[in-house]
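This is data-v6.cif. It holds mmCIF, C-alpha atoms.
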data_coords
#
loop_
_atom_site.group_PDB
_atom_site.id
_atom_site.type_symbol
_atom_site.label_atom_id
_atom_site.label_comp_id
_atom_site.auth_asym_id
_atom_site.auth_seq_id
_atom_site.Cartn_x
_atom_site.Cartn_y
_atom_site.Cartn_z
ATOM 1 C CA MET R 7 -51.068 39.189 -45.160
ATOM 2 C CA HIS R 8 -48.368 36.947 -46.615
ATOM 3 C CA ARG R 9 -44.654 37.280 -45.815
ATOM 4 C CA THR R 10 -42.063 37.020 -48.502
ATOM 5 C CA GLN R 11 -39.336 34.336 -48.317
ATOM 6 C CA ASN R 12 -36.744 36.891 -47.176
ATOM 7 C CA GLU R 13 -38.975 38.059 -44.332
ATOM 8 C CA ALA R 14 -39.549 34.462 -43.165
ATOM 9 C CA THR R 15 -35.822 33.835 -43.190
ATOM 10 C CA ARG R 16 -35.205 36.956 -41.112
ATOM 11 C CA VAL R 17 -37.715 35.736 -38.521
ATOM 12 C CA PHE R 18 -36.426 32.121 -38.482
ATOM 13 C CA ILE R 19 -32.701 32.872 -38.088
ATOM 14 C CA PRO R 20 -32.996 34.900 -34.861
ATOM 15 C CA PHE R 21 -35.242 32.169 -33.445
ATOM 16 C CA CYS R 22 -32.582 29.499 -34.194
ATOM 17 C CA VAL R 23 -29.817 31.611 -32.720
ATOM 18 C CA GLN R 24 -31.866 32.227 -29.588
ATOM 19 C CA LYS R 25 -32.612 28.513 -29.214
ATOM 20 C CA GLU R 26 -28.916 27.589 -29.680
ATOM 21 C CA ARG R 27 -27.863 30.160 -27.101
ATOM 22 C CA GLY R 28 -30.342 28.661 -24.647
ATOM 23 C CA ILE R 29 -28.876 25.187 -25.154
ATOM 24 C CA MET R 30 -25.309 26.453 -24.798
ATOM 25 C CA ASN R 31 -26.183 28.182 -21.536
ATOM 26 C CA ASN R 32 -27.205 24.814 -20.087
ATOM 27 C CA LEU R 33 -23.899 23.153 -20.967
ATOM 28 C CA THR R 34 -21.072 22.821 -18.436
ATOM 29 C CA VAL R 35 -17.543 23.219 -19.753
ATOM 30 C CA SER R 36 -14.788 21.636 -17.631
ATOM 31 C CA HIS R 37 -11.336 20.141 -17.935
ATOM 32 C CA SER R 38 -10.710 16.398 -18.148
ATOM 33 C CA PRO R 39 -11.447 13.835 -16.866
ATOM 34 C CA HIS R 40 -15.033 14.154 -18.036
ATOM 35 C CA THR R 41 -16.100 10.766 -16.673
ATOM 36 C CA ARG R 42 -15.874 10.510 -12.914
ATOM 37 C CA GLY R 43 -16.399 7.520 -10.649
ATOM 38 C CA GLY R 44 -18.179 7.474 -7.345
ATOM 39 C CA ALA R 45 -15.146 6.360 -5.338
ATOM 40 C CA THR R 46 -13.901 8.685 -2.598
ATOM 41 C CA THR R 47 -10.668 8.728 -0.623
ATOM 42 C CA ASN R 48 -12.559 7.887 2.551
ATOM 43 C CA GLY R 49 -14.386 5.007 0.867
ATOM 44 C CA ILE R 50 -11.173 3.540 -0.558
ATOM 45 C CA MET R 51 -9.384 3.795 2.777
ATOM 46 C CA LEU R 52 -12.322 2.172 4.556
ATOM 47 C CA ASP R 53 -12.100 -0.777 2.160
ATOM 48 C CA VAL R 54 -8.396 -1.139 2.973
ATOM 49 C CA VAL R 55 -9.141 -1.079 6.709
ATOM 50 C CA ILE R 56 -11.767 -3.784 6.217
ATOM 51 C CA ALA R 57 -9.290 -5.858 4.166
ATOM 52 C CA LEU R 58 -6.766 -5.612 7.018
ATOM 53 C CA MET R 59 -9.195 -6.923 9.650
ATOM 54 C CA PRO R 60 -8.662 -10.667 8.950
ATOM 55 C CA ALA R 61 -4.958 -10.172 9.694
ATOM 56 C CA PHE R 62 -5.843 -8.381 12.927
ATOM 57 C CA VAL R 63 -8.079 -11.245 14.042
ATOM 58 C CA ALA R 64 -5.363 -13.756 13.130
ATOM 59 C CA SER R 65 -2.671 -11.804 14.998
ATOM 60 C CA VAL R 66 -4.731 -11.694 18.200
ATOM 61 C CA ALA R 67 -5.589 -15.382 17.877
ATOM 62 C CA ILE R 68 -1.914 -16.305 17.367
ATOM 63 C CA PHE R 69 -0.071 -13.859 19.637
ATOM 64 C CA GLY R 70 -2.758 -12.999 22.181
ATOM 65 C CA ALA R 71 -3.682 -9.693 23.801
ATOM 66 C CA ARG R 72 -0.169 -8.346 23.239
ATOM 67 C CA ALA R 73 -0.964 -8.105 19.522
ATOM 68 C CA ALA R 74 -4.069 -6.016 20.175
ATOM 69 C CA LEU R 75 -2.052 -3.712 22.445
ATOM 70 C CA ILE R 76 0.622 -3.066 19.798
ATOM 71 C CA VAL R 77 -1.974 -2.498 17.067
ATOM 72 C CA CYS R 78 -3.986 -0.071 19.189
ATOM 73 C CA ALA R 79 -0.820 1.806 20.196
ATOM 74 C CA CYS R 80 0.302 2.209 16.569
ATOM 75 C CA VAL R 81 -3.109 3.314 15.301
ATOM 76 C CA ALA R 82 -3.655 5.752 18.173
ATOM 77 C CA SER R 83 -0.153 7.217 17.772
ATOM 78 C CA SER R 84 -0.581 7.592 13.992
ATOM 79 C CA VAL R 85 -3.920 9.366 14.285
ATOM 80 C CA ALA R 86 -2.729 11.577 17.154
ATOM 81 C CA SER R 87 0.494 12.491 15.337
ATOM 82 C CA GLU R 88 -1.402 13.541 12.230
ATOM 83 C CA TRP R 89 -3.947 15.551 14.230
ATOM 84 C CA ILE R 90 -1.268 17.321 16.300
ATOM 85 C CA TYR R 91 0.911 18.120 13.284
ATOM 86 C CA ARG R 92 -1.957 19.476 11.187
ATOM 87 C CA LYS R 93 -3.183 21.528 14.143
ATOM 88 C CA ALA R 94 0.284 22.936 14.854
ATOM 89 C CA MET R 95 0.816 23.851 11.205
ATOM 90 C CA LYS R 96 -2.687 25.376 11.021
ATOM 91 C CA LYS R 97 -3.688 23.044 8.224
ATOM 92 C CA PRO R 98 -7.106 21.430 7.694
ATOM 93 C CA GLY R 99 -7.653 18.209 9.618
ATOM 94 C CA THR R 100 -7.275 14.980 7.622
ATOM 95 C CA ILE R 101 -7.711 12.186 10.156
ATOM 96 C CA ARG R 102 -11.185 11.406 8.818
ATOM 97 C CA ASP R 103 -9.762 10.098 5.542
ATOM 98 C CA LEU R 104 -8.497 7.034 7.514
ATOM 99 C CA SER R 105 -5.057 7.059 5.879
ATOM 100 C CA ALA R 106 -3.389 7.472 9.289
ATOM 101 C CA VAL R 107 -5.312 4.452 10.568
ATOM 102 C CA ILE R 108 -3.977 2.355 7.682
ATOM 103 C CA THR R 109 -0.413 3.503 8.332
ATOM 104 C CA GLY R 110 -0.767 2.497 11.981
ATOM 105 C CA LEU R 111 -2.194 -0.907 11.087
ATOM 106 C CA LEU R 112 0.481 -1.696 8.510
ATOM 107 C CA LEU R 113 3.309 -0.646 10.799
ATOM 108 C CA ALA R 114 1.894 -2.663 13.706
ATOM 109 C CA TYR R 115 1.586 -5.721 11.475
ATOM 110 C CA SER R 116 5.283 -5.300 10.615
ATOM 111 C CA LEU R 117 6.440 -5.416 14.248
ATOM 112 C CA PRO R 118 7.308 -8.394 16.463
ATOM 113 C CA ALA R 119 4.927 -9.157 19.311
ATOM 114 C CA GLY R 120 7.583 -8.383 21.914
ATOM 115 C CA VAL R 121 8.472 -4.897 20.726
ATOM 116 C CA PRO R 122 8.144 -2.277 23.523
ATOM 117 C CA VAL R 123 4.998 -0.173 23.236
ATOM 118 C CA TRP R 124 6.955 3.089 23.308
ATOM 119 C CA GLN R 125 8.961 1.984 20.284
ATOM 120 C CA ALA R 126 5.741 1.207 18.405
ATOM 121 C CA VAL R 127 4.462 4.697 19.283
ATOM 122 C CA PHE R 128 7.760 6.240 18.166
ATOM 123 C CA GLY R 129 7.693 4.389 14.840
ATOM 124 C CA SER R 130 4.121 5.502 14.133
ATOM 125 C CA ALA R 131 4.992 9.140 14.812
ATOM 126 C CA VAL R 132 7.987 8.873 12.490
ATOM 127 C CA ALA R 133 5.827 7.369 9.739
ATOM 128 C CA ILE R 134 3.220 10.116 9.944
ATOM 129 C CA ILE R 135 5.303 13.217 10.647
ATOM 130 C CA LEU R 136 8.646 12.624 8.938
ATOM 131 C CA ILE R 137 7.594 10.497 5.989
ATOM 132 C CA LYS R 138 4.052 11.660 5.264
ATOM 133 C CA GLN R 139 3.258 15.129 6.624
ATOM 134 C CA LEU R 140 6.603 16.852 6.088
ATOM 135 C CA PHE R 141 6.236 16.106 2.377
ATOM 136 C CA GLY R 142 2.773 17.657 2.277
ATOM 137 C CA GLY R 143 0.485 14.914 3.505
ATOM 138 C CA LEU R 144 -1.540 12.285 1.681
ATOM 139 C CA GLY R 145 -0.798 12.254 -2.024
ATOM 140 C CA LYS R 146 2.585 13.975 -1.763
ATOM 141 C CA ASN R 147 4.821 11.550 0.138
ATOM 142 C CA PHE R 148 7.356 9.812 -2.095
ATOM 143 C CA ALA R 149 7.671 6.605 -0.037
ATOM 144 C CA ASN R 150 5.308 4.289 1.783
ATOM 145 C CA PRO R 151 5.208 5.564 5.393
ATOM 146 C CA ALA R 152 4.771 2.175 7.076
ATOM 147 C CA ALA R 153 7.501 0.420 5.083
ATOM 148 C CA THR R 154 9.955 3.277 5.599
ATOM 149 C CA ALA R 155 9.187 3.551 9.321
ATOM 150 C CA ARG R 156 9.828 -0.166 9.695
ATOM 151 C CA ILE R 157 13.288 0.291 8.173
ATOM 152 C CA ILE R 158 14.020 3.202 10.505
ATOM 153 C CA MET R 159 12.909 1.148 13.502
ATOM 154 C CA PHE R 160 15.051 -1.771 12.363
ATOM 155 C CA LEU R 161 18.095 0.489 12.208
ATOM 156 C CA ALA R 162 17.314 2.175 15.520
ATOM 157 C CA PHE R 163 16.112 -0.845 17.518
ATOM 158 C CA SER R 164 17.754 -3.787 15.776
ATOM 159 C CA VAL R 165 17.626 -6.152 18.771
ATOM 160 C CA GLU R 166 13.928 -5.651 19.491
ATOM 161 C CA MET R 167 13.042 -5.722 15.784
ATOM 162 C CA THR R 168 14.798 -9.055 15.226
ATOM 163 C CA THR R 169 13.550 -10.889 18.321
ATOM 164 C CA PHE R 170 10.544 -12.905 17.260
ATOM 165 C CA THR R 171 8.177 -14.980 19.344
ATOM 166 C CA GLY R 172 5.859 -17.718 18.209
ATOM 167 C CA PRO R 173 2.352 -18.603 19.409
ATOM 168 C CA ASP R 174 3.842 -20.161 22.549
ATOM 169 C CA ALA R 175 5.553 -16.823 23.424
ATOM 170 C CA ILE R 176 8.951 -18.513 23.112
ATOM 171 C CA SER R 177 11.606 -16.754 21.051
ATOM 172 C CA GLY R 178 12.668 -18.624 17.969
ATOM 173 C CA ALA R 179 13.915 -18.343 14.419
ATOM 174 C CA THR R 180 11.582 -17.230 11.643
ATOM 175 C CA PRO R 181 11.120 -19.366 8.502
ATOM 176 C CA LEU R 182 13.401 -16.984 6.572
ATOM 177 C CA ALA R 183 16.145 -17.456 9.140
ATOM 178 C CA LEU R 184 15.626 -21.216 8.983
ATOM 179 C CA ILE R 185 15.909 -21.160 5.193
ATOM 180 C CA ALA R 186 19.124 -19.152 5.421
ATOM 181 C CA GLY R 187 20.527 -21.451 8.086
ATOM 182 C CA GLY R 188 19.345 -24.713 6.574
ATOM 183 C CA GLY R 189 17.048 -25.570 9.502
ATOM 184 C CA ALA R 190 13.839 -27.605 9.493
ATOM 185 C CA LEU R 191 10.960 -25.554 8.098
ATOM 186 C CA PRO R 192 7.439 -25.403 9.578
ATOM 187 C CA PRO R 193 4.700 -27.415 7.818
ATOM 188 C CA LEU R 194 2.900 -25.622 4.999
ATOM 189 C CA THR R 195 -0.360 -25.687 6.980
ATOM 190 C CA ASP R 196 1.313 -23.689 9.763
ATOM 191 C CA MET R 197 2.709 -21.265 7.190
ATOM 192 C CA ILE R 198 -0.718 -20.705 5.659
ATOM 193 C CA LEU R 199 -2.540 -20.328 8.978
ATOM 194 C CA GLY R 200 0.241 -18.345 10.640
ATOM 195 C CA VAL R 201 1.087 -20.673 13.527
ATOM 196 C CA ARG R 202 4.765 -19.727 13.558
ATOM 197 C CA GLY R 203 7.182 -17.033 14.601
ATOM 198 C CA GLY R 204 7.205 -13.673 12.878
ATOM 199 C CA CYS R 205 5.697 -10.214 12.951
ATOM 200 C CA LEU R 206 2.130 -9.667 14.074
ATOM 201 C CA GLY R 207 0.269 -9.278 10.809
ATOM 202 C CA GLU R 208 2.494 -11.133 8.377
ATOM 203 C CA THR R 209 2.347 -14.710 9.669
ATOM 204 C CA SER R 210 -1.134 -15.728 8.472
ATOM 205 C CA ALA R 211 -0.972 -16.023 4.698
ATOM 206 C CA LEU R 212 -4.652 -16.990 4.605
ATOM 207 C CA ALA R 213 -5.781 -13.790 6.334
ATOM 208 C CA LEU R 214 -3.700 -11.601 4.002
ATOM 209 C CA ILE R 215 -4.907 -13.385 0.868
ATOM 210 C CA ILE R 216 -8.529 -12.936 1.992
ATOM 211 C CA GLY R 217 -7.841 -9.220 2.364
ATOM 212 C CA GLY R 218 -6.215 -9.057 -1.057
ATOM 213 C CA ILE R 219 -9.149 -10.823 -2.736
ATOM 214 C CA TYR R 220 -11.533 -8.375 -1.078
ATOM 215 C CA LEU R 221 -9.588 -5.374 -2.397
ATOM 216 C CA MET R 222 -9.491 -6.805 -5.911
ATOM 217 C CA ALA R 223 -13.212 -7.617 -5.812
ATOM 218 C CA ARG R 224 -13.897 -4.045 -4.731
ATOM 219 C CA ARG R 225 -11.536 -2.804 -7.476
ATOM 220 C CA VAL R 226 -9.485 -0.877 -4.966
ATOM 221 C CA ILE R 227 -6.305 -2.511 -6.293
ATOM 222 C CA SER R 228 -5.466 -4.355 -9.500
ATOM 223 C CA TRP R 229 -3.771 -7.725 -9.744
ATOM 224 C CA HIS R 230 -0.677 -6.470 -11.536
ATOM 225 C CA THR R 231 1.693 -5.515 -8.713
ATOM 226 C CA PRO R 232 0.764 -8.187 -6.116
ATOM 227 C CA VAL R 233 0.740 -11.090 -8.545
ATOM 228 C CA VAL R 234 3.917 -10.023 -10.371
ATOM 229 C CA PHE R 235 5.741 -9.218 -7.108
ATOM 230 C CA ILE R 236 4.914 -12.624 -5.579
ATOM 231 C CA SER R 237 5.568 -14.478 -8.836
ATOM 232 C CA ALA R 238 8.948 -12.763 -9.247
ATOM 233 C CA VAL R 239 10.032 -13.845 -5.756
ATOM 234 C CA PHE R 240 8.871 -17.376 -6.483
ATOM 235 C CA ALA R 241 10.713 -17.512 -9.819
ATOM 236 C CA PHE R 242 13.984 -15.976 -8.618
ATOM 237 C CA THR R 243 14.165 -18.152 -5.487
ATOM 238 C CA ALA R 244 13.296 -21.264 -7.511
ATOM 239 C CA VAL R 245 16.231 -20.569 -9.835
ATOM 240 C CA LEU R 246 18.486 -20.171 -6.805
ATOM 241 C CA GLY R 247 17.104 -23.293 -5.110
ATOM 242 C CA GLN R 248 15.857 -21.358 -2.065
ATOM 243 C CA GLN R 249 12.522 -22.986 -1.142
ATOM 244 C CA PRO R 250 10.223 -20.784 -3.300
ATOM 245 C CA VAL R 251 6.934 -21.841 -1.664
ATOM 246 C CA TRP R 252 8.190 -21.058 1.834
ATOM 247 C CA GLN R 253 9.752 -17.837 0.544
ATOM 248 C CA ILE R 254 6.435 -16.405 -0.648
ATOM 249 C CA LEU R 255 4.672 -17.471 2.564
ATOM 250 C CA SER R 256 7.407 -16.105 4.844
ATOM 251 C CA GLY R 257 8.259 -12.675 6.144
ATOM 252 C CA GLY R 258 6.465 -9.593 4.938
ATOM 253 C CA LEU R 259 6.088 -10.571 1.294
ATOM 254 C CA LEU R 260 2.313 -10.976 1.205
ATOM 255 C CA ILE R 261 1.502 -7.931 3.308
ATOM 256 C CA GLY R 262 4.061 -5.910 1.343
ATOM 257 C CA ALA R 263 2.859 -7.058 -2.079
ATOM 258 C CA ILE R 264 -0.860 -6.673 -1.324
ATOM 259 C CA PHE R 265 -1.008 -3.611 0.924
ATOM 260 C CA MET R 266 2.238 -1.615 0.573
ATOM 261 C CA ALA R 267 3.277 -2.082 -3.047
ATOM 262 C CA THR R 268 -0.240 -1.120 -4.206
ATOM 263 C CA ASP R 269 -0.230 2.297 -2.542
ATOM 264 C CA TYR R 270 -1.763 4.804 -4.977
ATOM 265 C CA VAL R 271 0.687 7.574 -4.095
ATOM 266 C CA THR R 272 4.068 5.854 -4.135
ATOM 267 C CA THR R 273 3.651 3.237 -6.877
ATOM 268 C CA PRO R 274 3.163 3.538 -10.662
ATOM 269 C CA MET R 275 -0.163 4.504 -12.223
ATOM 270 C CA THR R 276 -0.029 2.476 -15.435
ATOM 271 C CA ALA R 277 -0.538 -1.269 -15.827
ATOM 272 C CA TRP R 278 2.907 -1.804 -17.330
ATOM 273 C CA GLY R 279 4.375 0.412 -14.648
ATOM 274 C CA LYS R 280 2.828 -1.804 -11.966
ATOM 275 C CA VAL R 281 4.337 -4.864 -13.666
ATOM 276 C CA ILE R 282 7.796 -3.269 -13.750
ATOM 277 C CA PHE R 283 7.418 -2.249 -10.112
ATOM 278 C CA GLY R 284 6.468 -5.811 -9.155
ATOM 279 C CA VAL R 285 9.410 -7.369 -10.989
ATOM 280 C CA GLY R 286 11.855 -4.874 -9.504
ATOM 281 C CA ALA R 287 10.514 -5.288 -5.974
ATOM 282 C CA GLY R 288 10.664 -9.068 -6.303
ATOM 283 C CA PHE R 289 14.228 -8.945 -7.588
ATOM 284 C CA PHE R 290 15.471 -6.672 -4.795
ATOM 285 C CA THR R 291 13.637 -8.723 -2.178
ATOM 286 C CA VAL R 292 15.365 -11.912 -3.271
ATOM 287 C CA VAL R 293 18.798 -10.282 -3.549
ATOM 288 C CA ILE R 294 18.547 -8.906 -0.012
ATOM 289 C CA ARG R 295 17.101 -12.117 1.408
ATOM 290 C CA ILE R 296 19.674 -14.409 -0.165
ATOM 291 C CA TYR R 297 22.805 -12.270 -0.213
ATOM 292 C CA GLY R 298 22.167 -9.607 2.436
ATOM 293 C CA ALA R 299 22.991 -9.636 6.122
ATOM 294 C CA TYR R 300 19.302 -9.367 7.050
ATOM 295 C CA PRO R 301 17.019 -12.268 6.030
ATOM 296 C CA GLU R 302 14.098 -9.978 5.110
ATOM 297 C CA GLY R 303 14.143 -7.523 2.222
ATOM 298 C CA VAL R 304 10.550 -6.597 1.389
ATOM 299 C CA SER R 305 10.500 -3.150 3.019
ATOM 300 C CA PHE R 306 13.886 -2.242 1.536
ATOM 301 C CA ALA R 307 12.760 -3.413 -1.902
ATOM 302 C CA ILE R 308 9.538 -1.399 -1.778
ATOM 303 C CA LEU R 309 11.408 1.716 -0.666
ATOM 304 C CA LEU R 310 13.925 1.316 -3.505
ATOM 305 C CA MET R 311 11.138 0.957 -6.050
ATOM 306 C CA ASN R 312 9.255 3.921 -4.546
ATOM 307 C CA THR R 313 12.191 6.129 -5.484
ATOM 308 C CA LEU R 314 11.997 4.848 -9.070
ATOM 309 C CA THR R 315 8.235 5.329 -9.430
ATOM 310 C CA PRO R 316 8.418 8.778 -11.137
ATOM 311 C CA TYR R 317 10.763 7.367 -13.777
ATOM 312 C CA ILE R 318 8.616 4.273 -14.287
ATOM 313 C CA ASN R 319 5.539 6.483 -14.754
ATOM 314 C CA ARG R 320 7.394 8.616 -17.286
ATOM 315 C CA LEU R 321 8.542 5.525 -19.164
ATOM 316 C CA THR R 322 5.161 3.802 -19.342
ATOM 317 C CA VAL R 323 2.658 6.646 -19.573
ATOM 318 C CA SER R 324 0.520 6.619 -22.722
ATOM 319 C CA ARG R 325 1.162 9.374 -25.233
ATOM 320 C CA PRO R 326 -1.901 11.638 -25.655
ATOM 321 C CA PHE R 327 -3.677 11.213 -28.998
ATOM 322 C CA GLY R 328 -2.425 13.693 -31.565
ATOM 323 C CA ARG R 329 0.604 14.729 -29.579
ATOM 324 C CA VAL R 330 3.624 15.601 -31.717
ATOM 325 C CA LYS R 331 7.040 14.962 -30.186
ATOM 326 C CA VAL R 332 9.096 18.158 -30.199
#

Rendering of file as C-alpha cells:
Amino acid sequence: MHRTQNEATRVFIPFCVQKERGIMNNLTVSHSPHTRGGATTNGIMLDVVIALMPAFVASVAIFGARAALIVCACVASSVASEWIYRKAMKKPGTIRDLSAVITGLLLAYSLPAGVPVWQAVFGSAVAIILIKQLFGGLGKNFANPAATARIIMFLAFSVEMTTFTGPDAISGATPLALIAGGGALPPLTDMILGVRGGCLGETSALALIIGGIYLMARRVISWHTPVVFISAVFAFTAVLGQQPVWQILSGGLLIGAIFMATDYVTTPMTAWGKVIFGVGAGFFTVVIRIYGAYPEGVSFAILLMNTLTPYINRLTVSRPFGRVKV
C-alpha cells in the first residue's frame, strides 16, 4: 500500500515537531552571564591570604614576636567580631569565606609594632562591625574596612599610631618623616628589604611585590590600579622634587595599591575605571603627604576614591549593544 504525498507530509510534520520539542526540553534558559568561571569567593580570598604571607614572614623577621602577636590579635578579633555579629543578627555565618581574615591581616600590617594589643582588637572590631557588617556584609560595604579602620584608629589613638619602632626596637622617624624633614634617608636596600621603621606589614617592599605578582599570576587582580597608583605617586613626587623612589617604597603605598585599592567591592569594575581610581588615589596621596599635617596619605586617598567609585563605574561602564539612549 502506497501513501500519497499529502499523507507522508502529515506523518513527517508531527515527527519533526515532536523531535524539536524533545530538544527544547533539554535546553536550559537562564539570565546572563552565560559563561561562568570556576573562581569562588573562598578561593579568591585564599589566594589573597597566601599573597599576604610573605609580608607576615618579613614582619616577624624584622619586628620579632611582637609582630606575630599583633597580627594574631587582629585576625582573631576580626573573625570573632563577624561571627558574633552574624549570630546576634540571626544571619548565616560568613567567616568561612576568609574575608574577615584578610581584613585582620591588612589592618595589622597597617599598625606600628608598639601599638597596644587592645587597640588592635578595637580597630579590628570597628572594621568588621561598623564598616563591613552594618552595611550588609561582604559585597555591600562602600569603603575598604581595613583602610577606614586605620584612619579611625589614627584619629582615636594618634600618639600610639604615630610612634614607630625599627628592627632594633628603638623609636625613630619613618622615611616619609625624614623626607618631609630633610633628614638622611635609609639605603635603598633597606627600603626594599624592610629594615627600617614603619608599620608591621608595609616596610618590606620585596615581600609586598612578591604578593602582588602572585595575585596577578593567579588573575585575582589586574595590573591597572596598582601600577597606575604607584606610577602616579612616582610622577607627581618627581615633579615636586620629593624623592620619588623613596616615596613609592615608603609608608603604606605598596600594601595600599596592591591589596586595598584592588578590593572588588569598593573599587571600579572596568579597566578605565581602575585607571582613573589609580590616578586619583595617587594624586590624593601625594597632596596629603606633601601638603598635609600627616606624612602618610594612602588610607585617606583610598577612602576618598572609594566614595567616588559608583560615579567612576557609571562614567566608564560599557553601553550594552543595541541600547538606545532615551

Requested in this report: Let me know the residues the PyMOL selection byres ((chain R and resi 308) around 8) catches in the file above, as number ranges by chain.
Outcome: R: 150, 153, 262, 266-267, 287, 304-307, 309-312

Report summary line: Restricting to all atoms listed in the file, whichever of R:Ile296, R:Ala74, R:Ala114, R:Leu104 is closest to Ile56 in chain R is R:Leu104

Cut-off 7 Å: closest range 97-135 of chain R/range 156-165 of chain R atom pairs per residue, using all atoms listed in the file, as JSON lines:
{"residue": "R:Leu113", "atom": "CA", "partner": "R:Arg156", "partner_atom": "CA", "distance": 6.6}
{"residue": "R:Ser116", "atom": "CA", "partner": "R:Arg156", "partner_atom": "CA", "distance": 6.9}
{"residue": "R:Gly129", "atom": "CA", "partner": "R:Met159", "partner_atom": "CA", "distance": 6.3}

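Relative to CA of Ile227 in chain R, CA of Leu255 in chain R is found at 20.6 Å.
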
Query - Result set of the PyMOL selection byres ((chain R and resi 191-203) around 8) on the coordinates above, as a list in words - result: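 Applied to this file, the PyMOL selection byres ((chain R and resi 191-203) around 8) selects Ala64, Ile68, Phe170, Thr171, Gly172, Pro173, Ser177, Gly178, Ala179, Thr180, Pro181, Leu184, Ile185, Gly189, Ala190, Gly204, Cys205, Glu208, Thr209, Ser210, Ala211, Leu212, Ala213, Trp252, Leu255 and Ser256 of chain R.
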
Mind dumping the selected residues with C-alpha atoms as a PDB file, in the coordinates of the input?
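What follows is the written file selection-v6.pdb:
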ATOM      1  CA  ALA R  64      -5.363 -13.756  13.130  1.00  0.00           C
ATOM      2  CA  ILE R  68      -1.914 -16.305  17.367  1.00  0.00           C
ATOM      3  CA  PHE R 170      10.544 -12.905  17.260  1.00  0.00           C
ATOM      4  CA  THR R 171       8.177 -14.980  19.344  1.00  0.00           C
ATOM      5  CA  GLY R 172       5.859 -17.718  18.209  1.00  0.00           C
ATOM      6  CA  PRO R 173       2.352 -18.603  19.409  1.00  0.00           C
ATOM      7  CA  SER R 177      11.606 -16.754  21.051  1.00  0.00           C
ATOM      8  CA  GLY R 178      12.668 -18.624  17.969  1.00  0.00           C
ATOM      9  CA  ALA R 179      13.915 -18.343  14.419  1.00  0.00           C
ATOM     10  CA  THR R 180      11.582 -17.230  11.643  1.00  0.00           C
ATOM     11  CA  PRO R 181      11.120 -19.366   8.502  1.00  0.00           C
ATOM     12  CA  LEU R 184      15.626 -21.216   8.983  1.00  0.00           C
ATOM     13  CA  ILE R 185      15.909 -21.160   5.193  1.00  0.00           C
ATOM     14  CA  GLY R 189      17.048 -25.570   9.502  1.00  0.00           C
ATOM     15  CA  ALA R 190      13.839 -27.605   9.493  1.00  0.00           C
ATOM     16  CA  GLY R 204       7.205 -13.673  12.878  1.00  0.00           C
ATOM     17  CA  CYS R 205       5.697 -10.214  12.951  1.00  0.00           C
ATOM     18  CA  GLU R 208       2.494 -11.133   8.377  1.00  0.00           C
ATOM     19  CA  THR R 209       2.347 -14.710   9.669  1.00  0.00           C
ATOM     20  CA  SER R 210      -1.134 -15.728   8.472  1.00  0.00           C
ATOM     21  CA  ALA R 211      -0.972 -16.023   4.698  1.00  0.00           C
ATOM     22  CA  LEU R 212      -4.652 -16.990   4.605  1.00  0.00           C
ATOM     23  CA  ALA R 213      -5.781 -13.790   6.334  1.00  0.00           C
ATOM     24  CA  TRP R 252       8.190 -21.058   1.834  1.00  0.00           C
ATOM     25  CA  LEU R 255       4.672 -17.471   2.564  1.00  0.00           C
ATOM     26  CA  SER R 256       7.407 -16.105   4.844  1.00  0.00           C
TER      27      SER R 256
END

Query raised in the report: Restricting the calculation to only C-alpha atoms, which member of R:Phe235, R:Trp278, R:Tyr270, R:Phe290 is positioned closest to Ala149 in chain R?
Result: R:Tyr270

**Report entry** Residues selected by the PyMOL selection byres ((chain R and resi 103) around 12), written as a PyMOL selection string
**Finding:** chain R and resi 46-55+85+88-89+98-102+104-109+143-145

Report task. Can you work out the spacing between CA of Ala263 in chain R and CA of Pro232 in chain R in Å, to one decimal? Result ->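 It comes out at 4.7 Å.
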
Requested in this report: Rank R:Gln125, R:Ser83, R:Gly247, R:Phe242 by their smallest atom-to-atom distance to Gly188 in chain R, using only C-alpha atoms, and report the top residue only.
Outcome: R:Gly247

Report task. Write out as an NGL selection string the residues lying within 8 Å of Phe283 in chain R, counting all atoms listed in the file and excluding same-chain residues fewer than 3 positions away. Result -> :R and (231 or 235 or 273-274 or 279-280 or 286-287 or 311 or 315 or 318)

Query raised in the report: CA of Leu214 in chain R and CA of Leu112 in chain R are how many Å apart?
Result: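 CA of Leu112 in chain R lies at a distance of 11.7 Å from CA of Leu214 in chain R.
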
Query raised in the report: With only C-alpha atoms as the atoms that count, which of R:Ile282, R:Ala79, R:Leu246, R:Ile90 lies nearest to Arg295 in chain R?
Result: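 Counting only C-alpha atoms, the residue closest to Arg295 in chain R is R:Leu246.
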